[in-house]
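**Q** Following this message is one structure expressed as structure tokens.
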Amino acid sequence: MTHDDRLGPDGRPHCPLCGEPLLFEVLDDERFLVAWSCVTCGLIRTTEPA
């Protein structure tokens, strides 16, 4: 298994700005659209497959 810099020591995705764990919410399960958010700094990103 390779190391991913987006994952913290606990194996969860972490915010690239402040390092806190990110939370996620599935917005559309048919399109696999997911919103990732940081409670600490407010960063919000969405991801979906190409």
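FYI, nothing fancy with the structure tokens labels: chains A, B, ... in order, residues from 1 per chain, ligands from 1 as they appear.
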Leaving out region 16-29 of chain A and any residue of its chain fewer than 5 positions from it, which residues lie within 9 Å of it when counting only C-alpha atoms, given as an MDAnalysis selection string?
**A** chainID A and resid 6:8 34:41 43
**Q** Keeping only C-alpha atoms, write those residues as a PDB file, in the first residue's frame.
**A**
```
ATOM      1  CA  ARG A   6      -4.132  13.626   1.790  1.00  0.00           C
ATOM      2  CA  LEU A   7      -4.552  11.023   4.522  1.00  0.00           C
ATOM      3  CA  GLY A   8      -3.609  11.714   8.103  1.00  0.00           C
ATOM      4  CA  VAL A  34     -19.613  13.914  -2.572  1.00  0.00           C
ATOM      5  CA  ALA A  35     -19.039  17.145  -0.628  1.00  0.00           C
ATOM      6  CA  TRP A  36     -15.983  17.240   1.648  1.00  0.00           C
ATOM      7  CA  SER A  37     -15.900  19.889   4.365  1.00  0.00           C
ATOM      8  CA  CYS A  38     -13.647  21.081   7.165  1.00  0.00           C
ATOM      9  CA  VAL A  39     -15.385  22.204  10.339  1.00  0.00           C
ATOM     10  CA  THR A  40     -12.336  24.181  11.493  1.00  0.00           C
ATOM     11  CA  CYS A  41     -11.504  26.384   8.479  1.00  0.00           C
ATOM     12  CA  LEU A  43     -13.057  24.538   3.274  1.00  0.00           C
TER      13      LEU A  43
END
```
**Q** Using DSSP on the backbone, list every residue of region 12-46 of chain A that comes out as strand (DSSP E), and give them as a ChimeraX atom specification.
**A** /A:23-28,33-37,44-46
**Q** Using only C-alpha atoms, which protein or nucleic acid residues come within 8 Å of Pro49 (chain A)? Drop anything in the same chain fewer than 4 positions from it, and give the result as a PDB file with N, CA and C atoms, in the first residue's frame.
**A**
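The resulting file, selection.pdb, is shown below:
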```
ATOM      1  N   ARG A  31     -24.763   9.865  -9.152  1.00  0.00           N
ATOM      2  CA  ARG A  31     -23.587  10.451  -9.816  1.00  0.00           C
ATOM      3  C   ARG A  31     -22.320  10.300  -8.970  1.00  0.00           C
ATOM      4  N   PHE A  32     -22.440   9.745  -7.773  1.00  0.00           N
ATOM      5  CA  PHE A  32     -21.323   9.608  -6.834  1.00  0.00           C
ATOM      6  C   PHE A  32     -20.728  10.969  -6.481  1.00  0.00           C
ATOM      7  N   LEU A  33     -21.580  11.991  -6.360  1.00  0.00           N
ATOM      8  CA  LEU A  33     -21.146  13.340  -6.011  1.00  0.00           C
ATOM      9  C   LEU A  33     -21.054  13.447  -4.493  1.00  0.00           C
TER      10      LEU A  33
END
```
